[in-house]
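J.: Next comes the structure file final.pdb, holding PDB, C-alpha atoms and all ligand atoms.
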ATOM      1  CA  MET E   1     104.440  32.503 151.432
ATOM      2  CA  ASN E   2     103.370  34.974 148.710
ATOM      3  CA  ILE E   3      99.885  36.518 148.795
ATOM      4  CA  VAL E   4      97.783  38.733 146.527
ATOM      5  CA  LEU E   5      95.047  40.714 148.288
ATOM      6  CA  PHE E   6      92.504  42.537 146.166
ATOM      7  CA  GLY E   7      89.133  44.206 146.554
ATOM      8  CA  PRO E   8      87.447  47.608 146.302
ATOM      9  CA  PRO E   9      88.907  50.826 147.726
ATOM     10  CA  GLY E  10      87.938  51.216 151.374
ATOM     11  CA  VAL E  11      87.428  47.506 152.030
ATOM     12  CA  GLY E  12      90.283  47.496 154.558
ATOM     13  CA  LYS E  13      93.113  45.931 152.533
ATOM     14  CA  GLY E  14      95.749  48.205 154.064
ATOM     15  CA  THR E  15      94.696  47.630 157.679
ATOM     16  CA  GLN E  16      94.355  43.868 157.250
ATOM     17  CA  SER E  17      97.642  43.645 155.320
ATOM     18  CA  ASP E  18      99.528  45.412 158.098
ATOM     19  CA  MET E  19      98.369  42.787 160.605
ATOM     20  CA  LEU E  20      98.915  39.866 158.247
ATOM     21  CA  VAL E  21     102.495  40.714 157.238
ATOM     22  CA  LYS E  22     103.409  41.165 160.897
ATOM     23  CA  GLU E  23     102.012  37.770 161.863
ATOM     24  CA  LEU E  24     103.514  35.917 158.870
ATOM     25  CA  GLY E  25     106.852  37.772 158.835
ATOM     26  CA  ILE E  26     106.486  38.643 155.147
ATOM     27  CA  THR E  27     107.026  41.933 153.288
ATOM     28  CA  HIS E  28     104.189  44.299 152.400
ATOM     29  CA  PHE E  29     104.220  45.705 148.863
ATOM     30  CA  ALA E  30     101.361  48.231 148.922
ATOM     31  CA  MET E  31     101.089  49.757 145.460
ATOM     32  CA  GLY E  32      99.313  52.910 146.674
ATOM     33  CA  ASP E  33     101.989  53.518 149.357
ATOM     34  CA  ILE E  34     104.789  52.923 146.836
ATOM     35  CA  LEU E  35     103.190  55.478 144.501
ATOM     36  CA  ARG E  36     102.574  58.025 147.286
ATOM     37  CA  ALA E  37     106.256  57.699 148.321
ATOM     38  CA  ALA E  38     107.288  58.356 144.689
ATOM     39  CA  VAL E  39     105.019  61.426 144.658
ATOM     40  CA  SER E  40     106.522  62.851 147.838
ATOM     41  CA  ASP E  41     110.081  62.160 146.601
ATOM     42  CA  GLY E  42     109.216  64.330 143.608
ATOM     43  CA  SER E  43     110.626  61.719 141.182
ATOM     44  CA  ASP E  44     109.629  61.868 137.501
ATOM     45  CA  LEU E  45     107.527  58.744 137.888
ATOM     46  CA  GLY E  46     105.899  60.217 140.985
ATOM     47  CA  LEU E  47     104.961  63.397 139.145
ATOM     48  CA  LYS E  48     103.519  61.359 136.295
ATOM     49  CA  ALA E  49     101.514  59.211 138.746
ATOM     50  CA  LYS E  50     100.121  62.097 140.829
ATOM     51  CA  ALA E  51      97.726  63.447 138.208
ATOM     52  CA  TYR E  52      96.126  60.027 137.786
ATOM     53  CA  MET E  53      95.898  59.412 141.530
ATOM     54  CA  ASP E  54      94.323  62.809 142.255
ATOM     55  CA  ALA E  55      91.720  62.090 139.588
ATOM     56  CA  GLY E  56      90.920  58.637 141.025
ATOM     57  CA  LYS E  57      92.208  56.896 137.883
ATOM     58  CA  LEU E  58      94.679  54.058 137.514
ATOM     59  CA  VAL E  59      98.308  55.036 136.979
ATOM     60  CA  PRO E  60      99.504  53.653 133.591
ATOM     61  CA  ASP E  61     100.453  49.981 133.613
ATOM     62  CA  ASP E  62     104.071  50.487 132.492
ATOM     63  CA  VAL E  63     104.749  52.644 135.576
ATOM     64  CA  VAL E  64     103.257  50.315 138.203
ATOM     65  CA  ILE E  65     104.440  47.072 136.585
ATOM     66  CA  GLY E  66     108.034  48.345 136.584
ATOM     67  CA  MET E  67     107.800  49.336 140.254
ATOM     68  CA  ILE E  68     106.488  45.913 141.286
ATOM     69  CA  GLU E  69     108.949  43.994 139.146
ATOM     70  CA  GLU E  70     111.873  45.728 140.883
ATOM     71  CA  ARG E  71     110.582  44.439 144.194
ATOM     72  CA  ILE E  72     109.782  40.904 143.054
ATOM     73  CA  ARG E  73     113.171  40.616 141.358
ATOM     74  CA  ASP E  74     114.827  41.279 144.730
ATOM     75  CA  SER E  75     112.418  39.146 146.756
ATOM     76  CA  SER E  76     114.665  36.076 147.086
ATOM     77  CA  VAL E  77     116.077  37.645 150.256
ATOM     78  CA  ILE E  78     112.709  37.893 152.035
ATOM     79  CA  ALA E  79     110.408  35.254 153.543
ATOM     80  CA  GLY E  80     107.564  36.112 151.199
ATOM     81  CA  PHE E  81     105.473  39.087 150.123
ATOM     82  CA  LEU E  82     101.961  40.410 150.169
ATOM     83  CA  LEU E  83     100.809  42.361 147.119
ATOM     84  CA  ASP E  84      98.176  44.885 148.198
ATOM     85  CA  GLY E  85      96.660  46.950 145.371
ATOM     86  CA  PHE E  86      98.489  45.124 142.577
ATOM     87  CA  PRO E  87      97.287  43.787 140.195
ATOM     88  CA  ARG E  88      94.362  46.151 139.599
ATOM     89  CA  ASN E  89      93.430  45.159 136.054
ATOM     90  CA  LEU E  90      93.759  42.217 133.723
ATOM     91  CA  SER E  91      96.918  43.311 131.946
ATOM     92  CA  GLN E  92      98.666  43.827 135.302
ATOM     93  CA  ALA E  93      97.559  40.315 136.360
ATOM     94  CA  GLU E  94      99.002  38.874 133.165
ATOM     95  CA  ALA E  95     102.242  40.836 133.598
ATOM     96  CA  LEU E  96     102.448  39.572 137.188
ATOM     97  CA  ALA E  97     102.154  35.949 136.048
ATOM     98  CA  VAL E  98     104.989  36.472 133.561
ATOM     99  CA  MET E  99     107.299  38.194 136.063
ATOM    100  CA  LEU E 100     106.666  35.573 138.772
ATOM    101  CA  GLU E 101     107.627  32.818 136.356
ATOM    102  CA  LYS E 102     110.715  34.770 135.263
ATOM    103  CA  HIS E 103     111.891  35.264 138.858
ATOM    104  CA  GLY E 104     111.031  31.749 140.057
ATOM    105  CA  GLU E 105     108.199  32.848 142.379
ATOM    106  CA  LYS E 106     104.554  31.834 142.694
ATOM    107  CA  ILE E 107     101.441  33.079 144.465
ATOM    108  CA  ASP E 108     100.250  30.791 147.273
ATOM    109  CA  ARG E 109      97.004  32.645 148.083
ATOM    110  CA  VAL E 110      94.824  35.094 146.178
ATOM    111  CA  VAL E 111      92.340  36.668 148.591
ATOM    112  CA  PHE E 112      89.385  38.755 147.415
ATOM    113  CA  MET E 113      87.863  41.012 150.106
ATOM    114  CA  ASP E 114      84.445  42.541 149.548
ATOM    115  CA  ALA E 115      81.886  44.745 151.342
ATOM    116  CA  PRO E 116      78.703  46.601 150.293
ATOM    117  CA  GLU E 117      79.228  49.917 148.485
ATOM    118  CA  ASP E 118      77.540  52.134 151.119
ATOM    119  CA  MET E 119      79.996  50.760 153.669
ATOM    120  CA  LEU E 120      82.976  51.477 151.374
ATOM    121  CA  LEU E 121      81.790  55.060 150.917
ATOM    122  CA  GLU E 122      81.473  55.566 154.649
ATOM    123  CA  ARG E 123      84.873  54.037 155.391
ATOM    124  CA  LEU E 124      86.663  56.084 152.718
ATOM    125  CA  SER E 125      85.053  59.441 153.424
ATOM    126  CA  GLY E 126      85.845  59.248 157.169
ATOM    127  CA  ARG E 127      89.400  58.011 156.806
ATOM    128  CA  LEU E 128      92.255  59.984 158.424
ATOM    129  CA  ILE E 129      95.934  59.132 158.088
ATOM    130  CA  CYS E 130      98.961  60.157 160.105
ATOM    131  CA  ARG E 131     101.435  62.160 158.040
ATOM    132  CA  ALA E 132     104.337  60.944 160.158
ATOM    133  CA  CYS E 133     103.766  57.195 160.688
ATOM    134  CA  GLY E 134     100.985  56.356 158.218
ATOM    135  CA  PHE E 135      98.661  54.894 160.874
ATOM    136  CA  GLY E 136      94.986  55.050 159.932
ATOM    137  CA  PHE E 137      91.994  56.366 161.924
ATOM    138  CA  HIS E 138      88.328  56.909 161.132
ATOM    139  CA  ARG E 139      86.348  60.009 162.166
ATOM    140  CA  HIS E 140      83.522  57.900 163.629
ATOM    141  CA  TYR E 141      84.661  54.265 164.006
ATOM    142  CA  SER E 142      88.153  54.721 165.419
ATOM    143  CA  PRO E 143      88.658  58.433 166.169
ATOM    144  CA  PRO E 144      91.970  59.668 167.577
ATOM    145  CA  ARG E 145      91.990  60.635 171.286
ATOM    146  CA  GLU E 146      92.942  64.196 170.372
ATOM    147  CA  GLU E 147      91.390  65.690 167.247
ATOM    148  CA  GLY E 148      93.844  65.919 164.352
ATOM    149  CA  ARG E 149      96.694  64.142 166.239
ATOM    150  CA  CYS E 150      97.952  60.579 165.920
ATOM    151  CA  ASP E 151      97.558  58.485 169.117
ATOM    152  CA  ARG E 152     100.726  56.574 168.310
ATOM    153  CA  CYS E 153     103.267  59.261 167.451
ATOM    154  CA  GLY E 154     101.553  62.652 167.846
ATOM    155  CA  GLY E 155     101.843  63.293 164.073
ATOM    156  CA  GLU E 156      99.343  65.394 162.150
ATOM    157  CA  LEU E 157      96.309  63.579 160.710
ATOM    158  CA  TYR E 158      95.139  64.361 157.183
ATOM    159  CA  GLN E 159      92.574  63.236 154.656
ATOM    160  CA  ARG E 160      94.019  61.762 151.458
ATOM    161  CA  ASP E 161      93.269  63.952 148.416
ATOM    162  CA  ASP E 162      91.615  60.990 146.725
ATOM    163  CA  ASP E 163      89.382  60.296 149.750
ATOM    164  CA  ARG E 164      87.365  63.435 148.948
ATOM    165  CA  GLU E 165      83.827  62.554 147.959
ATOM    166  CA  GLU E 166      84.118  63.740 144.366
ATOM    167  CA  VAL E 167      87.105  61.409 143.754
ATOM    168  CA  ILE E 168      85.743  58.413 145.679
ATOM    169  CA  GLY E 169      82.935  57.918 143.144
ATOM    170  CA  GLN E 170      85.469  57.798 140.326
ATOM    171  CA  ARG E 171      87.678  55.279 142.191
ATOM    172  CA  LEU E 172      84.712  52.977 142.781
ATOM    173  CA  GLU E 173      83.766  53.223 139.116
ATOM    174  CA  VAL E 174      87.308  52.352 138.014
ATOM    175  CA  TYR E 175      87.260  49.446 140.451
ATOM    176  CA  GLY E 176      84.021  48.070 138.974
ATOM    177  CA  GLU E 177      85.215  48.392 135.403
ATOM    178  CA  GLN E 178      88.843  47.295 135.716
ATOM    179  CA  THR E 179      89.625  45.535 138.996
ATOM    180  CA  LYS E 180      86.475  43.532 139.701
ATOM    181  CA  PRO E 181      86.884  41.523 136.463
ATOM    182  CA  LEU E 182      89.984  40.007 138.111
ATOM    183  CA  LEU E 183      87.521  37.806 139.979
ATOM    184  CA  ASP E 184      86.939  35.851 136.783
ATOM    185  CA  TYR E 185      90.678  35.618 136.210
ATOM    186  CA  TYR E 186      91.463  34.248 139.692
ATOM    187  CA  LYS E 187      88.345  32.512 141.032
ATOM    188  CA  ALA E 188      88.980  29.089 139.494
ATOM    189  CA  LEU E 189      92.476  28.793 140.990
ATOM    190  CA  PRO E 190      92.922  26.429 143.969
ATOM    191  CA  SER E 191      94.718  29.288 145.771
ATOM    192  CA  PHE E 192      91.662  31.604 145.552
ATOM    193  CA  ARG E 193      89.746  32.597 148.728
ATOM    194  CA  ARG E 194      86.807  35.012 149.021
ATOM    195  CA  LEU E 195      86.218  36.992 152.185
ATOM    196  CA  ASP E 196      83.298  39.024 153.524
ATOM    197  CA  ALA E 197      85.011  42.147 154.888
ATOM    198  CA  SER E 198      81.892  43.950 156.107
ATOM    199  CA  GLY E 199      82.462  43.056 159.774
ATOM    200  CA  GLU E 200      84.545  44.675 162.447
ATOM    201  CA  MET E 201      88.344  44.794 161.879
ATOM    202  CA  LYS E 202      89.363  42.014 164.289
ATOM    203  CA  ALA E 203      86.583  39.675 163.163
ATOM    204  CA  VAL E 204      87.593  40.140 159.511
ATOM    205  CA  TYR E 205      91.215  39.458 160.414
ATOM    206  CA  ALA E 206      90.301  36.181 162.138
ATOM    207  CA  VAL E 207      88.637  34.977 158.927
ATOM    208  CA  LEU E 208      91.500  36.286 156.784
ATOM    209  CA  ILE E 209      94.248  34.477 158.665
ATOM    210  CA  GLU E 210      92.177  31.288 158.515
ATOM    211  CA  ALA E 211      91.703  31.743 154.749
ATOM    212  CA  VAL E 212      95.421  32.252 154.244
ATOM    213  CA  LYS E 213      96.491  29.270 156.344
ATOM    214  CA  SER E 214      93.803  26.798 155.172
TER     215      SER E 214
HETATM  216  P1  LIG C 301      95.324  52.840 147.123
HETATM  217  O1  LIG C 301      96.194  53.438 148.182
HETATM  218  O2  LIG C 301      95.548  51.360 146.958
HETATM  219  O3  LIG C 301      93.868  53.184 147.309
HETATM  220  O4  LIG C 301      95.786  53.495 145.732
HETATM  221  C1  LIG C 301      95.693  54.896 145.536
HETATM  222  C2  LIG C 301      95.794  55.234 144.059
HETATM  223  O5  LIG C 301      97.053  54.805 143.545
HETATM  224  C3  LIG C 301      94.768  54.579 143.147
HETATM  225  O6  LIG C 301      93.529  55.263 143.131
HETATM  226  C4  LIG C 301      95.476  54.667 141.792
HETATM  227  O7  LIG C 301      95.446  55.977 141.261
HETATM  228  C5  LIG C 301      96.921  54.364 142.203
HETATM  229  N1  LIG C 301      97.192  52.903 142.151
HETATM  230  C6  LIG C 301      97.364  52.053 143.193
HETATM  231  N2  LIG C 301      97.591  50.805 142.768
HETATM  232  C7  LIG C 301      97.566  50.848 141.413
HETATM  233  C8  LIG C 301      97.724  49.887 140.377
HETATM  234  N3  LIG C 301      97.961  48.591 140.632
HETATM  235  N4  LIG C 301      97.606  50.306 139.095
HETATM  236  C9  LIG C 301      97.407  51.606 138.792
HETATM  237  N5  LIG C 301      97.231  52.559 139.710
HETATM  238  C10 LIG C 301      97.312  52.204 141.024
END
Go ahead and render the structure in this file as structure tokens.
Ligand code: AMP
T.:
Amino acid sequence: MNIVLFGPPGVGKGTQSDMLVKELGITHFAMGDILRAAVSDGSDLGLKAKAYMDAGKLVPDDVVIGMIEERIRDSSVIAGFLLDGFPRNLSQAEALAVMLEKHGEKIDRVVFMDAPEDMLLERLSGRLICRACGFGFHRHYSPPREEGRCDRCGGELYQRDDDREEVIGQRLEVYGEQTKPLLDYYKALPSFRRLDASGEMKAVYAVLIEAVKS
């Protein structure tokens, strides 16, 4: 099974994807994580991407499309994949359709997750991430037992540079202008499902798994 999950920053795509790929035994391709790994490797592409990410803008299409195509090209050896954070604009969606066709793959579910903007702002500005294992916490909703330390591995917790308030506004603007129009591109497909992600994490997951399996 191949899935596309899209929605605004802070809606919970990463958290829900982690649970979904575990349950379905498929591979998680999280565009933001792939880019952050390229940044910390110090690769040329990573350096190019960093300036855009820090400013809350989209990394140029040629960079992200190439990174996703590499993974889809090699996907015949996995049970399926979940694309989280790709596509994020219309030209990426069109490029995805072309590369799926070329590599003999198709998307079985396109899931759009949404929540009100004040909730997105609150979720993003309180988000803390473990530097060692990547697990996510929230200052108020799911705080770590010990301040600044990951409950799972003891790693140091940090706030993503682009989760600072001055960048969040820009990311939400980019989402509204470039990613939200994907709704019109996908909503008529039989594989399309829309999900209210404003509830608590486990309740949202129950609806998500139902939407994916139905
Ligand atoms: P995320 O972790 O999904 O919130 O992504 C973090 C940042 O990575 C975004 O704000 C963009 O700068 C960049 N990014 C992630 N996915 C894409 C994409 N599909 N196209 C362009 N830039 C992306």
J.: Taking all atoms listed in the file into account, report as a ChimeraX atom specification which residues have an atom no farther than 10 Å from an atom of ligand LIG 301 (chain C).
T.: /E:6-14,30-36,49-65,67-68,83-89,92-93,124,160-163,167-168,170-172,174-175,178-179
J.: Evaluate the PyMOL selection byres (((chain E and resi 206-211) around 12) and not hetatm) against this structure - the residues, as a PyMOL selection string, please.
T.: chain E and resi 3+5+12-13+15-17+19-24+108-114+191-205+212-214
J.: Nearest to Gly169 of chain E among E:Phe135, E:Leu121, E:Glu105, E:Glu70, with distances taken over all atoms listed in the file: which residue is it?
T.: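 Comparing E:Phe135, E:Leu121, E:Glu105, E:Glu70 against Gly169 of chain E, the winner is E:Leu121.
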J.: Using atom CA of Leu100 of chain E and atom CA of Gly25 of chain E as the two end points, give the distance in Å to one decimal.
T.: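 About the pair atom CA of Leu100 of chain E and atom CA of Gly25 of chain E: they are 20.2 Å apart.
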J.: Using only C-alpha atoms, which residues sit within 9 Å of Gly80 of chain E once same-chain residues fewer than 4 positions away are excluded, as number ranges by chain?
T.: E: 1-3, 24-28, 75-76
J.: Write out as a JSON list (two decimals) with C-alpha atoms, in the frame of the given file each polymer residue whose atoms come within 12 Å of Asp151 of chain E, counting all atoms listed in the file; drop sequence neighbours fewer than 4 positions from it.
T.:
[["chain", "number", "residue", "atom", "x", "y", "z"],
["E", 129, "ILE", "CA", 95.93, 59.13, 158.09],
["E", 130, "CYS", "CA", 98.96, 60.16, 160.10],
["E", 132, "ALA", "CA", 104.34, 60.94, 160.16],
["E", 133, "CYS", "CA", 103.77, 57.20, 160.69],
["E", 134, "GLY", "CA", 100.98, 56.36, 158.22],
["E", 135, "PHE", "CA", 98.66, 54.89, 160.87],
["E", 136, "GLY", "CA", 94.99, 55.05, 159.93],
["E", 137, "PHE", "CA", 91.99, 56.37, 161.92],
["E", 142, "SER", "CA", 88.15, 54.72, 165.42],
["E", 143, "PRO", "CA", 88.66, 58.43, 166.17],
["E", 144, "PRO", "CA", 91.97, 59.67, 167.58],
["E", 145, "ARG", "CA", 91.99, 60.64, 171.29],
["E", 146, "GLU", "CA", 92.94, 64.20, 170.37],
["E", 147, "GLU", "CA", 91.39, 65.69, 167.25],
["E", 155, "GLY", "CA", 101.84, 63.29, 164.07],
["E", 156, "GLU", "CA", 99.34, 65.39, 162.15],
["E", 157, "LEU", "CA", 96.31, 63.58, 160.71]]
J.: Mind giving me the straight-line distance from atom CA of Gly126 of chain E to atom CA of Gln159 of chain E in Å, one decimal?
T.: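 A separation of 8.2 Å between them.
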J.: What box, with edges along x, y and z, holds each listed atom of segment 153-159 of chain E when 5 Å is added on every side, and can you state its centre and edge lengths in Å to one decimal, as JSON?
T.:
{"center_x": 97.9, "center_y": 62.3, "center_z": 161.3, "size_x": 20.7, "size_y": 16.1, "size_z": 23.2}
J.: Nearest to Arg73 of chain E: which of E:Arg139, E:His103, E:Lys48, E:Arg152 is it, counting all atoms listed in the file?
T.: E:His103
J.: Do you have the atom CA of Glu165 of chain E-atom CA of Val4 of chain E distance handy?
T.: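 Between atom CA of Glu165 of chain E and atom CA of Val4 of chain E the gap works out to 27.6 Å.
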J.: Rebuild N, CA, C and O atoms on segment 17-40 of chain E, as a compact mmCIF listing (two decimals), in the frame of the given file?
T.:
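Output contents, as saved in result-v3.txt:
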# COMPACT_ATOMS: atom_id res chain seq x y z
N SER E 17 96.30 44.03 155.78
CA SER E 17 97.64 43.64 155.32
C SER E 17 98.68 43.91 156.40
O SER E 17 99.58 43.10 156.61
N ASP E 18 98.55 45.07 157.06
CA ASP E 18 99.53 45.41 158.10
C ASP E 18 99.58 44.31 159.17
O ASP E 18 100.65 43.91 159.62
N MET E 19 98.40 43.82 159.56
CA MET E 19 98.37 42.79 160.60
C MET E 19 98.91 41.46 160.07
O MET E 19 99.65 40.75 160.75
N LEU E 20 98.54 41.15 158.84
CA LEU E 20 98.92 39.87 158.25
C LEU E 20 100.43 39.75 158.04
O LEU E 20 101.03 38.72 158.35
N VAL E 21 101.05 40.81 157.50
CA VAL E 21 102.50 40.71 157.24
C VAL E 21 103.27 40.61 158.55
O VAL E 21 104.28 39.92 158.62
N LYS E 22 102.74 41.25 159.60
CA LYS E 22 103.41 41.16 160.90
C LYS E 22 103.36 39.72 161.40
O LYS E 22 104.35 39.15 161.82
N GLU E 23 102.17 39.13 161.34
CA GLU E 23 102.01 37.77 161.86
C GLU E 23 102.81 36.75 161.04
O GLU E 23 103.39 35.82 161.60
N LEU E 24 102.85 36.92 159.72
CA LEU E 24 103.51 35.92 158.87
C LEU E 24 105.00 36.21 158.64
O LEU E 24 105.71 35.38 158.08
N GLY E 25 105.43 37.41 159.04
CA GLY E 25 106.85 37.77 158.84
C GLY E 25 107.20 37.96 157.37
O GLY E 25 108.34 37.71 156.95
N ILE E 26 106.22 38.42 156.57
CA ILE E 26 106.49 38.64 155.15
C ILE E 26 106.49 40.16 154.86
O ILE E 26 106.16 40.96 155.73
N THR E 27 106.86 40.52 153.64
CA THR E 27 107.03 41.93 153.29
C THR E 27 105.79 42.46 152.56
O THR E 27 105.24 41.79 151.70
N HIS E 28 105.40 43.68 152.95
CA HIS E 28 104.19 44.30 152.40
C HIS E 28 104.55 45.17 151.20
O HIS E 28 105.28 46.15 151.37
N PHE E 29 104.06 44.83 150.02
CA PHE E 29 104.22 45.70 148.86
C PHE E 29 102.86 46.34 148.58
O PHE E 29 102.00 45.71 147.95
N ALA E 30 102.65 47.55 149.10
CA ALA E 30 101.36 48.23 148.92
C ALA E 30 101.53 49.23 147.79
O ALA E 30 102.24 50.24 147.93
N MET E 31 100.88 48.94 146.66
CA MET E 31 101.09 49.76 145.46
C MET E 31 100.78 51.23 145.71
O MET E 31 101.53 52.11 145.28
N GLY E 32 99.68 51.52 146.41
CA GLY E 32 99.31 52.91 146.67
C GLY E 32 100.39 53.61 147.50
O GLY E 32 100.76 54.76 147.23
N ASP E 33 100.94 52.91 148.51
CA ASP E 33 101.99 53.52 149.36
C ASP E 33 103.26 53.75 148.55
O ASP E 33 103.94 54.77 148.72
N ILE E 34 103.58 52.78 147.67
CA ILE E 34 104.79 52.92 146.84
C ILE E 34 104.64 54.16 145.94
O ILE E 34 105.55 54.97 145.80
N LEU E 35 103.43 54.32 145.38
CA LEU E 35 103.19 55.48 144.50
C LEU E 35 103.21 56.79 145.29
O LEU E 35 103.79 57.78 144.85
N ARG E 36 102.59 56.78 146.49
CA ARG E 36 102.57 58.02 147.29
C ARG E 36 104.00 58.41 147.70
O ARG E 36 104.35 59.59 147.75
N ALA E 37 104.85 57.40 147.97
CA ALA E 37 106.26 57.70 148.32
C ALA E 37 106.96 58.32 147.11
O ALA E 37 107.73 59.27 147.26
N ALA E 38 106.67 57.80 145.90
CA ALA E 38 107.29 58.36 144.69
C ALA E 38 106.82 59.79 144.47
O ALA E 38 107.60 60.66 144.07
N VAL E 39 105.54 60.06 144.80
CA VAL E 39 105.02 61.43 144.66
C VAL E 39 105.75 62.34 145.63
O VAL E 39 106.23 63.42 145.27
N SER E 40 105.91 61.91 146.90
CA SER E 40 106.52 62.85 147.84
C SER E 40 108.02 62.99 147.62
O SER E 40 108.60 64.02 147.96
